[in-house]
file protein05.cif (mmCIF, C-alpha atoms)
data_run
#
loop_
_atom_site.label_atom_id
_atom_site.label_comp_id
_atom_site.auth_asym_id
_atom_site.auth_seq_id
_atom_site.Cartn_x
_atom_site.Cartn_y
_atom_site.Cartn_z
CA MET A 561 0.00 0.00 0.00
CA SER A 562 1.26 3.50 -0.84
CA PHE A 563 1.40 5.83 2.11
CA VAL A 564 1.02 8.88 -0.12
CA VAL A 565 -1.40 9.10 -3.03
CA THR A 566 -1.66 12.12 -5.32
CA ASP A 567 -4.59 13.04 -7.55
CA PRO A 568 -3.69 13.15 -11.26
CA ASP A 569 -4.21 16.94 -11.39
CA VAL A 570 -1.77 17.63 -8.56
CA GLU A 571 1.38 19.60 -9.39
CA GLY A 572 3.83 22.00 -7.81
CA LEU A 573 3.17 22.36 -4.08
CA GLY A 574 1.11 19.16 -3.88
CA ILE A 575 3.92 17.16 -5.50
CA MET A 576 6.45 18.76 -3.15
CA LEU A 577 4.47 17.91 0.00
CA ALA A 578 3.88 14.38 -1.28
CA ASP A 579 7.61 13.93 -2.09
CA LEU A 580 8.57 15.33 1.29
CA VAL A 581 6.39 12.87 3.21
CA ARG A 582 7.36 9.98 0.91
CA GLY A 583 11.07 10.79 1.27
CA ASN A 584 10.80 11.05 5.05
CA ILE A 585 9.03 7.68 5.31
CA GLU A 586 11.57 6.07 2.98
CA ALA A 587 14.41 7.40 5.14
CA ASP A 588 12.70 6.37 8.37
CA PRO A 589 9.94 3.75 7.82
CA SER A 590 8.82 4.10 11.44
CA ARG A 591 7.33 7.48 10.47
CA ALA A 592 4.57 5.61 8.59
CA ARG A 593 3.11 4.98 12.04
CA LEU A 594 2.26 8.66 12.20
CA LEU A 595 -0.38 8.02 9.54
CA HIS A 596 -2.04 5.21 11.51
CA GLY A 597 -5.33 6.29 13.02
CA LEU A 598 -4.95 9.78 11.64
CA ALA A 599 -8.07 11.29 10.10
CA GLY A 600 -8.76 14.81 8.93
CA ARG A 601 -8.52 17.34 6.16
CA VAL A 602 -5.87 20.01 5.89
CA ASN A 603 -5.75 22.98 3.53
CA VAL A 604 -2.43 24.65 2.82
CA HIS A 605 -2.52 28.12 1.27
CA VAL A 606 0.59 29.93 0.04
CA PRO A 607 -0.67 33.33 -1.12
CA ASP A 608 2.68 34.71 -2.32
CA ALA A 609 3.07 31.73 -4.67
CA GLU A 610 -0.69 31.77 -5.42
CA VAL A 611 -1.05 28.06 -4.73
CA ASP A 612 -3.32 25.97 -2.49
CA VAL A 613 -3.50 22.28 -1.82
CA GLY A 614 -5.78 19.91 0.11
CA LEU A 615 -4.38 17.03 2.17
CA GLU A 616 -6.62 14.27 3.42
CA PHE A 617 -5.58 11.73 6.04
CA ARG A 618 -7.51 8.49 6.23
CA ASP A 619 -6.94 4.72 6.26
CA GLY A 620 -3.22 5.11 6.98
CA GLN A 621 -2.63 7.25 3.91
CA MET A 622 -2.11 10.86 2.96
CA LEU A 623 -4.13 11.77 -0.12
CA VAL A 624 -3.02 14.91 -1.93
CA HIS A 625 -5.67 16.86 -3.83
CA GLY A 626 -5.05 19.63 -6.31
CA LYS A 627 -7.65 21.91 -4.75
CA PRO A 628 -8.37 22.90 -1.14
CA PHE A 629 -11.46 21.60 0.64
CA PRO A 630 -14.46 23.89 1.18
CA ARG A 631 -14.11 23.01 4.88
CA ALA A 632 -10.99 21.60 6.48
CA ASP A 633 -10.03 20.61 10.01
CA LEU A 634 -6.80 22.54 9.73
CA ASP A 635 -6.25 25.59 7.57
CA ILE A 636 -2.63 26.72 7.18
CA THR A 637 -1.83 30.02 5.49
CA THR A 638 1.73 31.27 5.11
CA ASP A 639 4.34 32.40 2.62
CA ALA A 640 6.55 30.03 0.62
CA GLU A 641 9.70 30.67 2.67
CA THR A 642 7.96 30.06 6.00
CA LEU A 643 6.34 26.87 4.73
CA MET A 644 9.74 25.50 3.73
CA GLY A 645 11.14 26.67 7.06
CA MET A 646 8.47 24.69 8.92
CA SER A 647 10.06 21.52 7.56
CA THR A 648 13.45 22.30 9.01
CA VAL A 649 12.39 23.76 12.33
CA PRO A 650 13.39 21.68 15.38
CA LEU A 651 10.34 20.07 16.98
CA ARG A 652 9.42 19.34 20.57
CA PHE A 653 6.34 17.17 21.09
CA GLY A 654 5.55 17.72 17.40
CA MET A 655 5.49 21.51 17.66
CA PRO A 656 8.23 24.12 16.97
CA ASP A 657 10.74 23.94 19.81
CA ALA A 658 10.56 27.24 21.69
CA THR A 659 13.90 26.54 23.34
CA LYS A 660 15.64 26.84 19.94
CA ALA A 661 16.05 30.04 17.91
CA ASP A 662 14.48 28.55 14.75
CA GLY A 663 11.52 27.29 16.77
CA ARG A 664 11.03 30.70 18.36
CA ALA A 665 11.20 32.30 14.89
CA VAL A 666 8.29 30.15 13.67
CA MET A 667 6.30 30.90 16.83
CA GLY A 668 7.02 34.60 16.32
CA LYS A 669 5.58 34.34 12.81
CA MET A 670 2.43 32.80 14.29
CA LEU A 671 2.12 35.63 16.79
CA ARG A 672 2.60 38.25 14.07
CA GLY A 673 0.06 36.53 11.82
CA ASP A 674 2.62 35.66 9.13
CA LEU A 675 1.74 32.02 9.79
CA LYS A 676 -1.92 31.34 10.44
CA VAL A 677 -3.11 27.91 11.53
CA ARG A 678 -6.87 27.63 12.02
CA GLY A 679 -7.92 24.51 13.89
CA MET A 680 -4.62 23.93 15.70
CA MET A 681 -6.32 24.04 19.12
CA THR A 682 -9.20 21.74 18.19
CA LYS A 683 -7.09 19.26 16.19
CA PRO A 684 -3.71 19.15 17.96
CA LYS A 685 -3.03 15.53 16.98
CA LEU A 686 -3.50 16.33 13.30
CA MET A 687 -1.24 19.37 13.58
CA THR A 688 1.59 17.69 15.47
CA ARG A 689 1.59 14.61 13.25
CA LEU A 690 1.56 16.74 10.09
CA GLN A 691 4.55 18.67 11.44
CA ARG A 692 6.40 15.43 12.16
CA LEU A 693 5.57 13.97 8.74
CA LEU A 694 6.88 17.08 6.98
CA SER A 695 9.92 17.62 9.19
CA VAL A 696 13.30 16.84 7.65
CA GLY A 697 15.06 17.31 10.98
CA MET B 597 29.58 38.75 -20.81
CA ALA B 598 28.73 35.05 -21.25
CA LEU B 599 25.97 33.78 -23.48
CA PHE B 600 23.25 31.75 -21.76
CA PRO B 601 23.06 28.87 -22.28
CA SER B 602 26.66 28.07 -23.22
CA GLU B 603 29.74 26.31 -21.90
CA ALA B 604 31.37 29.71 -21.24
CA TRP B 605 28.43 30.65 -18.99
CA LEU B 606 28.64 27.36 -17.11
CA LEU B 607 32.40 27.76 -16.53
CA GLU B 608 31.91 31.27 -15.20
CA TYR B 609 29.09 29.99 -12.95
CA VAL B 610 31.36 27.26 -11.57
CA ASP B 611 34.13 29.81 -10.88
CA LYS B 612 31.67 31.94 -8.94
CA ILE B 613 30.38 28.94 -6.96
CA ASN B 614 33.96 28.10 -5.95
CA ALA B 615 34.60 31.72 -4.94
CA SER B 616 31.48 32.00 -2.78
CA LYS B 617 32.03 31.85 0.97
CA ASP B 618 28.27 31.95 1.59
CA TYR B 619 27.74 28.87 -0.59
CA GLU B 620 30.72 27.08 0.94
CA GLU B 621 29.25 27.60 4.41
CA ALA B 622 25.65 26.68 3.49
CA ALA B 623 26.69 23.54 1.56
CA ALA B 624 29.56 22.42 3.81
CA THR B 625 28.15 18.88 4.12
CA TRP B 626 26.38 18.64 0.74
CA GLU B 627 27.34 15.64 -1.39
CA GLY B 628 25.78 15.10 -4.79
CA ASP B 629 25.66 16.16 -8.40
CA LEU B 630 23.01 18.33 -9.95
CA CYS B 631 21.82 18.67 -13.52
CA TYR B 632 19.96 21.71 -14.77
CA VAL B 633 17.84 21.09 -17.84
CA PHE B 634 17.10 24.16 -19.95
CA GLU B 635 14.16 22.92 -21.99
CA ALA B 636 13.92 23.74 -25.68
CA GLU B 637 12.13 26.85 -26.89
CA PRO B 638 12.98 27.00 -30.60
CA ASP B 639 11.38 30.43 -31.08
CA LYS B 640 13.78 31.80 -28.45
CA GLY B 641 16.95 30.32 -29.92
CA VAL B 642 17.04 27.11 -27.89
CA PRO B 643 16.19 24.42 -30.46
CA THR B 644 16.82 21.41 -28.20
CA ASP B 645 17.01 20.69 -24.48
CA VAL B 646 20.36 21.76 -23.01
CA ARG B 647 21.81 20.24 -19.87
CA ALA B 648 24.37 21.66 -17.48
CA TRP B 649 25.84 19.21 -14.99
CA ILE B 650 27.70 20.24 -11.86
CA ASP B 651 29.34 18.01 -9.28
CA LEU B 652 28.87 19.63 -5.88
CA TRP B 653 30.86 18.41 -2.92
CA HIS B 654 31.28 19.94 0.52
CA GLY B 655 30.69 23.53 -0.52
CA LYS B 656 32.67 23.43 -3.75
CA CYS B 657 32.01 22.50 -7.36
CA ARG B 658 34.59 19.88 -8.26
CA GLY B 659 33.49 19.30 -11.86
CA SER B 660 31.09 20.34 -14.58
CA LYS B 661 29.97 19.30 -18.02
CA TYR B 662 28.06 21.37 -20.52
CA ASP B 663 25.42 19.59 -22.56
CA PRO B 664 26.03 15.99 -21.49
CA THR B 665 23.82 13.38 -23.10
CA ALA B 666 20.32 13.00 -21.69
CA GLU B 667 21.39 9.65 -20.25
CA GLU B 668 24.39 11.18 -18.45
CA GLY B 669 22.46 14.18 -17.21
CA ASP B 670 19.49 12.18 -16.01
CA ALA B 671 21.80 10.02 -13.89
CA ALA B 672 22.47 13.01 -11.60
CA LYS B 673 21.31 12.80 -8.00
CA PHE B 674 19.20 15.92 -8.50
CA ILE B 675 17.66 17.27 -11.69
CA ILE B 676 15.89 20.59 -12.00
CA ARG B 677 14.14 21.24 -15.28
CA ALA B 678 12.19 24.10 -16.77
CA PRO B 679 11.76 25.81 -20.11
CA TYR B 680 14.58 28.21 -21.09
CA SER B 681 12.48 31.32 -20.45
CA ARG B 682 11.74 30.20 -16.86
CA TRP B 683 15.47 29.87 -16.21
CA LYS B 684 15.91 33.34 -17.64
CA GLN B 685 13.40 34.60 -15.06
CA VAL B 686 15.25 32.75 -12.29
CA ILE B 687 18.64 34.18 -13.32
CA ASN B 688 17.11 37.67 -13.56
CA LYS B 689 15.58 37.12 -10.08
CA GLU B 690 12.09 37.60 -11.44
CA LEU B 691 11.12 34.10 -10.28
CA ASP B 692 11.98 32.71 -6.87
CA PRO B 693 12.99 29.06 -7.42
CA ILE B 694 11.08 27.77 -4.36
CA LYS B 695 7.91 29.57 -5.45
CA GLY B 696 8.59 28.36 -8.99
CA MET B 697 8.68 24.77 -7.73
CA MET B 698 5.47 25.30 -5.73
CA GLN B 699 3.82 26.67 -8.86
CA GLY B 700 5.05 23.75 -10.96
CA LYS B 701 7.12 26.08 -13.15
CA LEU B 702 10.35 24.33 -12.15
CA LYS B 703 10.37 20.58 -11.69
CA LEU B 704 12.70 18.80 -9.31
CA LYS B 705 13.69 15.16 -9.48
CA GLY B 706 15.57 13.83 -6.49
CA ASP B 707 15.20 13.51 -2.76
CA LEU B 708 13.18 16.56 -1.69
CA PRO B 709 13.94 16.27 2.04
CA THR B 710 17.63 16.73 1.18
CA ILE B 711 16.91 19.85 -0.89
CA VAL B 712 14.74 21.26 1.92
CA ARG B 713 17.52 20.61 4.42
CA TYR B 714 19.90 22.57 2.18
CA VAL B 715 17.46 25.24 1.03
CA LYS B 716 19.94 28.02 1.93
CA ALA B 717 22.59 26.42 -0.27
CA ALA B 718 20.05 26.03 -3.09
CA ASN B 719 19.12 29.70 -2.81
CA GLU B 720 22.80 30.60 -2.86
CA LEU B 721 23.28 28.66 -6.11
CA VAL B 722 20.52 30.76 -7.63
CA ASN B 723 22.00 34.01 -6.29
CA ILE B 724 25.34 33.05 -7.83
CA ALA B 725 23.68 32.38 -11.20
CA GLY B 726 22.35 35.94 -11.05
CA GLN B 727 25.90 37.24 -10.52
CA VAL B 728 27.22 35.84 -13.81
CA PRO B 729 27.29 38.66 -16.39
CA THR B 730 24.84 37.13 -18.84
CA GLU B 731 23.67 37.75 -22.37
CA PHE B 732 20.58 35.68 -23.13
CA VAL B 733 20.46 33.84 -26.43
CA ASP B 734 17.08 35.36 -27.34
CA GLU B 735 18.44 38.87 -26.76
CA GLN B 736 21.63 38.44 -28.73
CA SER B 737 22.52 41.50 -30.76
#
call {"tool": "encode", "arguments": {"input": "protein05.cif", "output": "structure tokens"}}
result
Amino acid sequence: MSFVVTDPDVEGLGIMLADLVRGNIEADPSRARLLHGLAGRVNVHVPDAEVDVGLEFRDGQMLVHGKPFPRADLDITTDAETLMGMSTVPLRFGMPDATKADGRAVMGKMLRGDLKVRGMMTKPKLMTRLQRLLSVG
Amino acid sequence: MALFPSEAWLLEYVDKINASKDYEEAAATWEGDLCYVFEAEPDKGVPTDVRAWIDLWHGKCRGSKYDPTAEEGDAAKFIIRAPYSRWKQVINKELDPIKGMMQGKLKLKGDLPTIVRYVKAANELVNIAGQVPTEFVDEQS
């Protein structure tokens, strides 16, 4: 079974997120466990690149859709540079590590509104697992 | 002034990579070759795909080859391809390569987690490309 499945119309950002998760699972197969029991829909919006993507977690897989969902459990909006930075930020319990400068930088962006995550408080498991799946650290 | 794409341009690019302290620092542990593919646009003076291969190792470029065969170029650890005019935008800093990849304008083949880990080095390679005094083949006088 493939852990990551992309719709045929997916390109650009969707391919990148799919490759990132695929590459991370290939490098460390134990990360596939992060997909087990995970359910929810995530929209990722990158306004400065004018791209959006919808990620769906179900049945131990991440499905990548070319368009965002009308309603998602998590809605992430940020610029291209910050989104890439989120993959390299050190994590602590699946969230940016506030004891490290890079972690504090990401949290600062959240406080300033440069990184908006709607649903983070109601779906913490989805958020922390997504962070860990995308992290290259 | 070096014509893009050409072997002279690639050699100048390699010289600038090897002179860059910022790149050396950002790519200190990088190991792997990279092939740029400048895809054909016959109406702009690029009749066939052109490849530029660079062997990057610990912050330096230890080898290069202009226009290797498709088979040689496609064996590189990382391949970034786009039409010629997109590369022109990248070199002129009109297109950010990360945004270009997100928009599907530049296509990467290779292990993305590695590229993400070295995103600063990748950006530096693009900055260096913009420092090469360049004459574009479709603007040749």
call {"tool": "residues_around", "arguments": {"input": "protein05.cif", "residues": "region 696-709 of chain B", "least_positions_apart": "6", "cutoff": "10 Å", "atoms": "only C-alpha atoms", "output": "PyMOL selection string"}}
result
(chain A and resi 570-584+587+606+609-612+640+647-648+694-697) or (chain B and resi 630-633+670+672-679+682-683+685-686+715)
call {"tool": "residues_around", "arguments": {"input": "protein05.cif", "residues": "Asp639 (chain A)", "least_positions_apart": "4", "cutoff": "9 Å", "atoms": "all atoms listed in the file", "output": "mmCIF file with C-alpha atoms, in the coordinates of the input"}}
result
data_model
loop_
_atom_site.group_PDB
_atom_site.id
_atom_site.type_symbol
_atom_site.label_atom_id
_atom_site.label_comp_id
_atom_site.auth_asym_id
_atom_site.auth_seq_id
_atom_site.Cartn_x
_atom_site.Cartn_y
_atom_site.Cartn_z
ATOM 1 C CA HIS A 605 -2.520 28.120 1.270
ATOM 2 C CA VAL A 606 0.590 29.930 0.040
ATOM 3 C CA PRO A 607 -0.670 33.330 -1.120
ATOM 4 C CA ASP A 608 2.680 34.710 -2.320
ATOM 5 C CA ALA A 609 3.070 31.730 -4.670
ATOM 6 C CA LEU A 643 6.340 26.870 4.730
ATOM 7 C CA MET A 644 9.740 25.500 3.730
ATOM 8 C CA ASP A 674 2.620 35.660 9.130
ATOM 9 C CA LEU A 675 1.740 32.020 9.790
#
call {"tool": "closest_residue", "arguments": {"input": "protein05.cif", "among": "A:Asn603, A:Ser562, A:Thr688, A:Thr682", "to": "Phe653 (chain A)", "atoms": "only C-alpha atoms"}}
result
A:Thr688
call {"tool": "residues_around", "arguments": {"input": "protein05.cif", "residues": "Pro664 (chain B)", "least_positions_apart": "3", "cutoff": "8 Å", "atoms": "all atoms listed in the file", "output": "PyMOL selection string"}}
result
chain B and resi 647-649+661+667-669
call {"tool": "closest_residue", "arguments": {"input": "protein05.cif", "among": "A:His596, A:His625, A:Arg618, A:Arg678", "to": "Pro568 (chain A)", "atoms": "all atoms listed in the file"}}
result
A:His625
call {"tool": "residues_around", "arguments": {"input": "protein05.cif", "residues": "Lys676 (chain A)", "least_positions_apart": "3", "cutoff": "10 Å", "atoms": "all atoms listed in the file", "output": "NGL selection string"}}
result
:A and (605 or 635-638 or 669-673 or 679-680)
call {"tool": "residues_around", "arguments": {"input": "protein05.cif", "residues": "Tyr609 (chain B)", "least_positions_apart": "2", "cutoff": "8 Å", "atoms": "all atoms listed in the file", "output": "PyMOL selection string"}}
result
chain B and resi 605-607+611-613+724-725+728
call {"tool": "closest_atom_pairs", "arguments": {"input": "protein05.cif", "of": "region 663-723 of chain B", "to": "region 615-628 of chain B", "cutoff": "7 Å", "atoms": "only C-alpha atoms", "output": "CSV"}}
result
residue,atom,partner,partner_atom,distance
B:Lys673,CA,B:Gly628,CA,6.0
B:Tyr714,CA,B:Ala623,CA,6.9
B:Lys716,CA,B:Ala622,CA,6.1
B:Ala717,CA,B:Ala622,CA,4.9
B:Glu720,CA,B:Tyr619,CA,5.7
call {"tool": "atom_distance", "arguments": {"input": "protein05.cif", "atom1": "CA of Gly655 (chain B)", "atom2": "CA of Pro656 (chain A)"}}
result
28.5 Å
call {"tool": "atom_distance", "arguments": {"input": "protein05.cif", "atom1": "CA of Pro693 (chain B)", "atom2": "CA of Ala718 (chain B)"}}
result
8.8 Å
call {"tool": "closest_residue", "arguments": {"input": "protein05.cif", "among": "A:Ile585, A:Lys685, A:Gln691, A:Arg601", "to": "chain B", "atoms": "all atoms listed in the file"}}
result
A:Ile585
call {"tool": "atom_distance", "arguments": {"input": "protein05.cif", "atom1": "CA of Leu634 (chain A)", "atom2": "CA of Leu595 (chain A)"}}
result
15.9 Å
call {"tool": "resolve_selection", "arguments": {"input": "protein05.cif", "expression": "the PyMOL selection byres ((chain A and resi 617) around 10)", "output": "VMD selection string"}}
result
chain A and resid 563 to 564 595 to 602 615 to 616 618 to 624 686 690
call {"tool": "residues_near_point", "arguments": {"input": "protein05.cif", "point": "(22.1, 30.5, -26.9)", "cutoff": "6 Å", "atoms": "only C-alpha atoms", "output": "list in words"}}
result
Phe600, Pro601, Gly641 and Val733 of chain B
call {"tool": "write_last_selection", "arguments": {"input": "protein05.cif", "atoms": "C-alpha atoms", "output": "PDB file, in the frame of the given file"}}
result
ATOM      1  CA  PHE B 600      23.250  31.750 -21.760  1.00  0.00           C
ATOM      2  CA  PRO B 601      23.060  28.870 -22.280  1.00  0.00           C
ATOM      3  CA  GLY B 641      16.950  30.320 -29.920  1.00  0.00           C
ATOM      4  CA  VAL B 733      20.460  33.840 -26.430  1.00  0.00           C
TER       5      VAL B 733
END
call {"tool": "closest_residue", "arguments": {"input": "protein05.cif", "among": "B:Val712, B:Ala604, B:Leu691, B:Leu599", "to": "chain A", "atoms": "only C-alpha atoms"}}
result
B:Val712
call {"tool": "closest_residue", "arguments": {"input": "protein05.cif", "among": "A:Ala632, A:Ala592, A:Met646, A:Val666", "to": "chain B", "atoms": "all atoms listed in the file"}}
result
A:Met646
call {"tool": "resolve_selection", "arguments": {"input": "protein05.cif", "expression": "the PyMOL selection byres ((chain B and resi 642) around 10)", "output": "compact mmCIF listing (two decimals) with C-alpha atoms, in the frame of the given file"}}
result
# COMPACT_ATOMS: atom_id res chain seq x y z
CA PHE B 600 23.25 31.75 -21.76
CA PRO B 601 23.06 28.87 -22.28
CA PHE B 634 17.10 24.16 -19.95
CA GLU B 635 14.16 22.92 -21.99
CA ALA B 636 13.92 23.74 -25.68
CA GLU B 637 12.13 26.85 -26.89
CA PRO B 638 12.98 27.00 -30.60
CA ASP B 639 11.38 30.43 -31.08
CA LYS B 640 13.78 31.80 -28.45
CA GLY B 641 16.95 30.32 -29.92
CA PRO B 643 16.19 24.42 -30.46
CA THR B 644 16.82 21.41 -28.20
CA ASP B 645 17.01 20.69 -24.48
CA VAL B 646 20.36 21.76 -23.01
CA PRO B 679 11.76 25.81 -20.11
CA TYR B 680 14.58 28.21 -21.09
CA SER B 681 12.48 31.32 -20.45
CA VAL B 733 20.46 33.84 -26.43
CA ASP B 734 17.08 35.36 -27.34
call {"tool": "closest_residue", "arguments": {"input": "protein05.cif", "among": "B:Asn723, B:Asp692, B:Phe732, B:Trp653", "to": "chain A", "atoms": "all atoms listed in the file"}}
result
B:Asp692
call {"tool": "decode", "arguments": {"input": "protein05.cif", "residues": "region 616-645 of chain A", "atoms": "N, CA and C atoms", "output": "compact mmCIF listing (two decimals), in the first residue's frame"}}
result
# COMPACT_ATOMS: atom_id res chain seq x y z
N GLU A 616 -5.61 15.05 2.70
CA GLU A 616 -6.62 14.27 3.42
C GLU A 616 -5.94 13.05 4.05
N PHE A 617 -6.17 12.87 5.33
CA PHE A 617 -5.58 11.73 6.04
C PHE A 617 -6.68 10.75 6.37
N ARG A 618 -6.55 9.56 5.87
CA ARG A 618 -7.51 8.49 6.23
C ARG A 618 -6.93 7.13 5.84
N ASP A 619 -7.35 6.11 6.56
CA ASP A 619 -6.94 4.72 6.26
C ASP A 619 -5.42 4.56 6.15
N GLY A 620 -4.68 5.26 6.98
CA GLY A 620 -3.22 5.11 6.98
C GLY A 620 -2.53 5.73 5.79
N GLN A 621 -3.23 6.62 5.10
CA GLN A 621 -2.63 7.25 3.91
C GLN A 621 -2.78 8.77 3.96
N MET A 622 -1.92 9.43 3.21
CA MET A 622 -2.11 10.86 2.96
C MET A 622 -2.49 11.02 1.48
N LEU A 623 -3.66 11.54 1.25
CA LEU A 623 -4.13 11.77 -0.12
C LEU A 623 -3.94 13.25 -0.44
N VAL A 624 -3.30 13.52 -1.57
CA VAL A 624 -3.02 14.91 -1.93
C VAL A 624 -3.95 15.31 -3.07
N HIS A 625 -4.71 16.37 -2.83
CA HIS A 625 -5.67 16.86 -3.83
C HIS A 625 -5.18 18.20 -4.39
N GLY A 626 -5.51 18.41 -5.64
CA GLY A 626 -5.05 19.63 -6.31
C GLY A 626 -5.76 20.89 -5.86
N LYS A 627 -6.89 20.73 -5.19
CA LYS A 627 -7.65 21.91 -4.75
C LYS A 627 -7.93 21.80 -3.25
N PRO A 628 -8.04 22.96 -2.58
CA PRO A 628 -8.37 22.90 -1.14
C PRO A 628 -9.81 22.48 -0.93
N PHE A 629 -10.10 22.01 0.28
CA PHE A 629 -11.46 21.60 0.64
C PHE A 629 -12.30 22.83 1.01
N PRO A 630 -13.61 22.78 0.74
CA PRO A 630 -14.46 23.89 1.18
C PRO A 630 -14.39 24.08 2.70
N ARG A 631 -14.28 22.95 3.42
CA ARG A 631 -14.11 23.01 4.88
C ARG A 631 -13.02 22.02 5.26
N ALA A 632 -12.08 22.49 6.05
CA ALA A 632 -10.99 21.60 6.48
C ALA A 632 -10.85 21.66 7.99
N ASP A 633 -10.26 20.64 8.56
CA ASP A 633 -10.03 20.61 10.01
C ASP A 633 -8.90 21.56 10.40
N LEU A 634 -7.93 21.63 9.51
CA LEU A 634 -6.80 22.54 9.73
C LEU A 634 -6.65 23.40 8.49
N ASP A 635 -6.42 24.67 8.70
CA ASP A 635 -6.25 25.59 7.57
C ASP A 635 -4.96 26.37 7.81
N ILE A 636 -3.95 26.10 6.98
CA ILE A 636 -2.63 26.72 7.18
C ILE A 636 -2.40 27.75 6.08
N THR A 637 -2.10 28.97 6.47
CA THR A 637 -1.83 30.02 5.49
C THR A 637 -0.49 30.66 5.84
N THR A 638 0.43 30.63 4.88
CA THR A 638 1.73 31.27 5.11
C THR A 638 2.44 31.48 3.78
N ASP A 639 3.58 32.16 3.85
CA ASP A 639 4.34 32.40 2.62
C ASP A 639 5.25 31.20 2.32
N ALA A 640 5.76 31.18 1.09
CA ALA A 640 6.55 30.03 0.62
C ALA A 640 7.76 29.77 1.50
N GLU A 641 8.47 30.83 1.88
CA GLU A 641 9.70 30.67 2.67
C GLU A 641 9.39 30.07 4.04
N THR A 642 8.31 30.57 4.67
CA THR A 642 7.96 30.06 6.00
C THR A 642 7.53 28.60 5.92
N LEU A 643 6.79 28.26 4.87
CA LEU A 643 6.34 26.87 4.73
C LEU A 643 7.54 25.93 4.62
N MET A 644 8.54 26.34 3.84
CA MET A 644 9.74 25.50 3.73
C MET A 644 10.47 25.46 5.08
N GLY A 645 10.48 26.59 5.76
CA GLY A 645 11.14 26.67 7.06
C GLY A 645 10.49 25.77 8.09
